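Below is one structure, written out as structure tokens; the observations come after it.
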Amino acid sequence: GKAQNVVQTVRSNPVGQRADIMNGLLMLITSARHYIYVQTPYFLPTEPMVAALRIAAMSGVDVRIMLPGRSDSILPYWGSRSFLDEMLSAGVRVYVFNGGFLHSKVGVSVDKVSSVGSTNVDFRSFENNFEINSFIYDSNTAIELCRHFKQQQSMCTKLSLSEWRRRSVVARTVESFVRLLSPLL
């Protein structure tokens with residue numbers, strides 16, 4: 001017979017008591033042993049998400065984040081950049097997509113589970129918006145999404161910590177200021 005995949009659909013809304021999608025993504029990150037690949041147009045993570053990604057990377061998990069090189073919204077773009085020093089210093093590999101606007105919202109972990117949906121890795125998606133994500137418990141789907149991520153890496157610039165730290169004082173100042181506003185973005 002045909003193989004059957006388990007797909008769990010999770011929704012969140014601003015009046016709900018639980019951040020189900022964020023908790024599901026945190027589960028993926030904390031259970032990863034080999035790799036975590038994330039594509040998101042906006043990267044304004046909550047503190048638990050920052051901690052989980054950093055701990056995973058420092059534990060030897062291959063953590064990669066792909067962000068757009070240009071954005072359709074200037075404040076989230078600058079806010080996203082404010083988190084990159086923490087990610088890079090923990091060993092997270094950060095890729096900037098140069099092939100147009102990156103609108104994918106995909107998280108893949110350990111060849112077994114992946115998440116695809118409307119949720120960005122940002123405060124607004126986790127806590128303020130109506131969102132829906134599917135968690136797919138299928139190794140073939142996860143492997144295919146991993147392959148797609150790696151294909152798109154060829155259209156990216158990989159950031160290095162040393163280059164990143166040489167950015168201008170103006171850029172750092174704008175990033176820091178926008179980061180203060182990030183829960184409101």
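Naming works like this for the structure tokens: A, B, ... for the chains as they're shown, residue 1 at the start of each chain, ligands 1 onward in shown order.
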
Practice task
Give me every helix (DSSP H, G or I) residue in range 122-176 of chain A, going by DSSP on the backbone, as an MDAnalysis selection string.
Solution key: chainID A and resid 123:128 139:153 161:164 169:176

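The coordinates place CA of Gly69 in chain A at 26.2 Å from CA of Ser134 in chain A.
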
Practice task
Using only C-alpha atoms, determine which residues lie at most 12 Å from Glu86 in chain A, disregarding the query and same-chain residues fewer than 3 positions distant; provide the list as an NGL selection string.
Solution key: :A and (45 or 47 or 49-55 or 57-58 or 80-83 or 89-94 or 161 or 164-165)

Please save N, CA, C and O atoms of the selected residues as a compact mmCIF listing (two decimals), in the first residue's frame.
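Produced file again.txt, reproduced below:
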```txt
# COMPACT_ATOMS: atom_id res chain seq x y z
N PRO A 45 13.29 37.05 16.44
CA PRO A 45 12.92 35.92 17.30
C PRO A 45 12.67 36.34 18.74
O PRO A 45 13.24 37.30 19.24
N GLU A 47 12.96 35.61 22.83
CA GLU A 47 14.14 35.17 23.60
C GLU A 47 14.26 33.64 23.67
O GLU A 47 15.35 33.11 23.54
N MET A 49 13.42 31.53 21.43
CA MET A 49 13.89 31.09 20.11
C MET A 49 15.38 31.42 19.94
O MET A 49 16.14 30.59 19.43
N VAL A 50 15.81 32.60 20.38
CA VAL A 50 17.23 32.96 20.32
C VAL A 50 18.05 31.95 21.11
O VAL A 50 19.05 31.42 20.63
N ALA A 51 17.61 31.67 22.33
CA ALA A 51 18.35 30.75 23.19
C ALA A 51 18.41 29.35 22.58
O ALA A 51 19.46 28.72 22.55
N ALA A 52 17.28 28.87 22.05
CA ALA A 52 17.25 27.51 21.47
C ALA A 52 18.18 27.40 20.27
O ALA A 52 18.92 26.40 20.14
N LEU A 53 18.17 28.38 19.39
CA LEU A 53 19.04 28.35 18.21
C LEU A 53 20.51 28.41 18.61
O LEU A 53 21.35 27.69 18.08
N ARG A 54 20.83 29.28 19.57
CA ARG A 54 22.22 29.41 20.02
C ARG A 54 22.70 28.11 20.68
O ARG A 54 23.80 27.63 20.41
N ILE A 55 21.89 27.55 21.56
CA ILE A 55 22.28 26.32 22.25
C ILE A 55 22.46 25.18 21.26
O ILE A 55 23.41 24.41 21.35
N ALA A 57 23.29 25.39 18.06
CA ALA A 57 24.53 25.61 17.31
C ALA A 57 25.76 25.31 18.16
O ALA A 57 26.71 24.67 17.70
N MET A 58 25.74 25.76 19.42
CA MET A 58 26.89 25.53 20.29
C MET A 58 27.02 24.07 20.69
O MET A 58 28.09 23.63 21.11
N SER A 80 15.81 42.55 11.98
CA SER A 80 16.37 41.21 11.75
C SER A 80 17.88 41.22 11.84
O SER A 80 18.50 40.32 12.42
N ARG A 81 18.49 42.25 11.27
CA ARG A 81 19.95 42.34 11.26
C ARG A 81 20.52 42.45 12.68
O ARG A 81 21.64 42.01 12.94
N SER A 82 19.72 42.99 13.60
CA SER A 82 20.22 43.20 14.97
C SER A 82 20.45 41.88 15.71
O SER A 82 21.17 41.86 16.71
N PHE A 83 19.87 40.79 15.24
CA PHE A 83 20.03 39.49 15.90
C PHE A 83 21.19 38.66 15.32
O PHE A 83 21.51 37.61 15.86
N SER A 89 27.95 34.50 16.32
CA SER A 89 28.92 34.22 17.39
C SER A 89 28.68 32.88 18.05
O SER A 89 29.59 32.30 18.64
N ALA A 90 27.45 32.33 17.92
CA ALA A 90 27.15 31.01 18.47
C ALA A 90 27.45 29.89 17.47
O ALA A 90 27.34 28.72 17.81
N GLY A 91 27.81 30.28 16.24
CA GLY A 91 28.11 29.27 15.23
C GLY A 91 26.99 29.00 14.26
O GLY A 91 27.07 28.08 13.44
N VAL A 92 25.92 29.79 14.32
CA VAL A 92 24.84 29.66 13.34
C VAL A 92 25.36 30.17 12.00
O VAL A 92 26.03 31.20 11.94
N ARG A 93 25.06 29.45 10.93
CA ARG A 93 25.44 29.89 9.58
C ARG A 93 24.30 30.72 9.02
O ARG A 93 23.16 30.27 8.98
N VAL A 94 24.62 31.93 8.62
CA VAL A 94 23.60 32.85 8.12
C VAL A 94 23.85 33.11 6.63
O VAL A 94 24.96 33.45 6.23
N LEU A 161 31.35 36.14 10.71
CA LEU A 161 31.30 36.97 11.91
C LEU A 161 32.28 38.14 11.79
O LEU A 161 31.94 39.28 12.12
N TRP A 164 30.88 40.66 9.39
CA TRP A 164 29.69 41.26 9.97
C TRP A 164 30.06 42.33 10.99
O TRP A 164 29.45 43.39 11.05
N ARG A 165 31.07 42.06 11.79
CA ARG A 165 31.46 43.00 12.83
C ARG A 165 32.16 44.24 12.27
O ARG A 165 32.38 45.20 13.00
```

Residue contacts of Met66 in chain A (8 Å, only C-alpha atoms) excluding same-chain residues fewer than 4 positions away, as a PDB file with N, CA and C atoms, in the first residue's frame:
```pdb
ATOM      1  N   TYR A  37      17.479  23.869   9.443  1.00  0.00           N
ATOM      2  CA  TYR A  37      17.534  24.867   8.386  1.00  0.00           C
ATOM      3  C   TYR A  37      16.254  25.695   8.457  1.00  0.00           C
ATOM      4  N   VAL A  38      16.406  27.008   8.467  1.00  0.00           N
ATOM      5  CA  VAL A  38      15.260  27.908   8.588  1.00  0.00           C
ATOM      6  C   VAL A  38      15.319  28.935   7.471  1.00  0.00           C
ATOM      7  N   GLN A  39      14.200  29.112   6.785  1.00  0.00           N
ATOM      8  CA  GLN A  39      14.052  30.208   5.825  1.00  0.00           C
ATOM      9  C   GLN A  39      12.939  31.106   6.346  1.00  0.00           C
ATOM     10  N   THR A  40      13.212  32.388   6.432  1.00  0.00           N
ATOM     11  CA  THR A  40      12.187  33.320   6.914  1.00  0.00           C
ATOM     12  C   THR A  40      12.464  34.716   6.354  1.00  0.00           C
ATOM     13  N   VAL A  94      24.620  31.932   8.616  1.00  0.00           N
ATOM     14  CA  VAL A  94      23.601  32.852   8.115  1.00  0.00           C
ATOM     15  C   VAL A  94      23.848  33.106   6.633  1.00  0.00           C
ATOM     16  N   TYR A  95      22.793  32.931   5.850  1.00  0.00           N
ATOM     17  CA  TYR A  95      22.859  33.112   4.404  1.00  0.00           C
ATOM     18  C   TYR A  95      21.887  34.213   4.009  1.00  0.00           C
ATOM     19  N   VAL A  96      22.362  35.129   3.149  1.00  0.00           N
ATOM     20  CA  VAL A  96      21.534  36.217   2.649  1.00  0.00           C
ATOM     21  C   VAL A  96      21.186  35.900   1.208  1.00  0.00           C
ATOM     22  N   PHE A  97      19.896  35.763   0.948  1.00  0.00           N
ATOM     23  CA  PHE A  97      19.396  35.352  -0.364  1.00  0.00           C
ATOM     24  C   PHE A  97      19.437  36.526  -1.337  1.00  0.00           C
TER      25      PHE A  97
END
```

Exercise for the section: Extract, using only C-alpha atoms, all DNA, RNA and protein residues at most 9 Å from range 170-173 of chain A, discarding same-chain residues fewer than 3 positions from it, and format them as a PyMOL selection string. Expected result: chain A and resi 78+81-82+167+176-178

Produce a file of the selected residues containing all heavy atoms, as a tab-separated table (two decimals), in the first residue's frame.
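File produced: result_38.tsv:
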```tsv
chain	number	residue	atom	x	y	z
A	78	TRP	N	15.84	45.89	9.28
A	78	TRP	CA	16.89	46.35	10.20
A	78	TRP	C	16.82	45.63	11.53
A	78	TRP	O	17.84	45.31	12.14
A	78	TRP	CB	16.81	47.86	10.38
A	78	TRP	CG	17.36	48.60	9.21
A	78	TRP	CD1	16.65	49.19	8.20
A	78	TRP	CD2	18.74	48.78	8.88
A	78	TRP	NE1	17.50	49.73	7.27
A	78	TRP	CE2	18.79	49.50	7.66
A	78	TRP	CE3	19.94	48.41	9.49
A	78	TRP	CZ2	19.99	49.85	7.06
A	78	TRP	CZ3	21.14	48.76	8.88
A	78	TRP	CH2	21.16	49.47	7.69
A	81	ARG	N	18.49	42.25	11.27
A	81	ARG	CA	19.95	42.34	11.26
A	81	ARG	C	20.52	42.45	12.68
A	81	ARG	O	21.64	42.01	12.94
A	81	ARG	CB	20.38	43.54	10.41
A	81	ARG	CG	20.08	43.36	8.93
A	81	ARG	CD	20.28	44.65	8.14
A	81	ARG	NE	21.64	45.14	8.22
A	81	ARG	CZ	22.59	44.87	7.33
A	81	ARG	NH1	22.33	44.10	6.31
A	81	ARG	NH2	23.80	45.39	7.47
A	82	SER	N	19.72	42.99	13.60
A	82	SER	CA	20.22	43.20	14.97
A	82	SER	C	20.45	41.88	15.71
A	82	SER	O	21.17	41.86	16.71
A	82	SER	CB	19.26	44.08	15.76
A	82	SER	OG	18.10	43.35	16.13
A	167	ARG	N	30.80	46.06	9.91
A	167	ARG	CA	29.80	46.96	9.33
A	167	ARG	C	29.86	48.32	10.02
A	167	ARG	O	30.41	48.44	11.11
A	167	ARG	CB	28.40	46.34	9.37
A	167	ARG	CG	27.81	46.19	10.74
A	167	ARG	CD	26.67	45.18	10.73
A	167	ARG	NE	25.97	45.12	11.99
A	167	ARG	CZ	26.43	44.55	13.08
A	167	ARG	NH1	27.62	43.99	13.08
A	167	ARG	NH2	25.72	44.55	14.20
A	176	SER	N	20.32	48.57	16.42
A	176	SER	CA	20.05	48.58	17.87
A	176	SER	C	18.76	49.33	18.19
A	176	SER	O	17.96	48.88	19.02
A	176	SER	CB	21.21	49.22	18.62
A	176	SER	OG	22.37	48.45	18.47
A	177	PHE	N	18.58	50.47	17.53
A	177	PHE	CA	17.37	51.26	17.76
A	177	PHE	C	16.13	50.48	17.34
A	177	PHE	O	15.14	50.41	18.09
A	177	PHE	CB	17.45	52.60	17.01
A	177	PHE	CG	16.23	53.43	17.17
A	177	PHE	CD1	15.94	54.06	18.38
A	177	PHE	CD2	15.33	53.56	16.13
A	177	PHE	CE1	14.79	54.82	18.53
A	177	PHE	CE2	14.18	54.31	16.28
A	177	PHE	CZ	13.92	54.95	17.48
A	178	VAL	N	16.17	49.88	16.15
A	178	VAL	CA	15.01	49.14	15.66
A	178	VAL	C	14.76	47.90	16.51
A	178	VAL	O	13.61	47.52	16.73
A	178	VAL	CB	15.19	48.79	14.16
A	178	VAL	CG1	14.03	47.93	13.67
A	178	VAL	CG2	15.27	50.05	13.32
```

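Taking CA of His34 in chain A and CA of Val61 in chain A as endpoints, the distance between them is 5.1 Å.
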
If you count only C-alpha atoms, which residues fall within 12 Å of Tyr35 in chain A, apart from same-chain ones fewer than 4 positions away, as an mmCIF file with C-alpha atoms, in the first residue's frame?
```cif
data_model
loop_
_atom_site.group_PDB
_atom_site.id
_atom_site.type_symbol
_atom_site.label_atom_id
_atom_site.label_comp_id
_atom_site.auth_asym_id
_atom_site.auth_seq_id
_atom_site.Cartn_x
_atom_site.Cartn_y
_atom_site.Cartn_z
ATOM 1 C CA LEU A 28 11.880 21.043 16.467
ATOM 2 C CA ILE A 29 14.955 23.060 17.420
ATOM 3 C CA THR A 30 15.506 21.452 20.801
ATOM 4 C CA SER A 31 15.055 17.920 19.433
ATOM 5 C CA LEU A 53 19.045 28.346 18.211
ATOM 6 C CA ALA A 56 21.666 24.027 19.271
ATOM 7 C CA ALA A 57 24.530 25.608 17.309
ATOM 8 C CA SER A 59 25.979 21.856 20.807
ATOM 9 C CA GLY A 60 27.236 20.977 17.340
ATOM 10 C CA VAL A 61 23.943 21.036 15.420
ATOM 11 C CA ASP A 62 24.307 22.494 11.904
ATOM 12 C CA VAL A 63 22.023 25.527 12.261
ATOM 13 C CA ARG A 64 21.454 27.585 9.114
ATOM 14 C CA ILE A 65 19.214 30.601 8.656
ATOM 15 C CA VAL A 92 24.844 29.665 13.342
ATOM 16 C CA ARG A 93 25.442 29.891 9.584
ATOM 17 C CA GLY A 107 11.933 24.999 9.229
ATOM 18 C CA VAL A 108 13.516 21.604 8.775
ATOM 19 C CA SER A 109 15.008 19.396 11.433
ATOM 20 C CA VAL A 110 16.755 16.009 11.667
ATOM 21 C CA ASP A 111 15.565 14.425 8.426
ATOM 22 C CA LYS A 112 12.236 13.579 10.035
ATOM 23 C CA VAL A 113 10.140 16.646 10.781
ATOM 24 C CA SER A 114 9.558 19.863 8.902
ATOM 25 C CA ALA A 142 12.159 16.868 5.222
ATOM 26 C CA ILE A 143 14.923 15.593 2.925
ATOM 27 C CA CYS A 146 16.652 20.238 2.893
#
```

Exercise for the section: Excluding Asn133 in chain A and residues on its chain fewer than 5 positions from it, collect all residues at most 6 Å away from it, counting only C-alpha atoms, and give them as a VMD selection string. Expected result: chain A and resid 9 to 10 116 to 117

Exercise for the section: Could you please determine the separation between CA of Val174 in chain A and CA of Gly79 in chain A in Å, to one decimal place? Expected result: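 Separation of CA of Val174 in chain A and CA of Gly79 in chain A: 8.5 Å.
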
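Compared by their closest atoms to Leu159 in chain A, and using only C-alpha atoms, the residues A:Leu145, A:Leu67, A:Leu180, A:Ile21 rank with A:Leu67 nearest.
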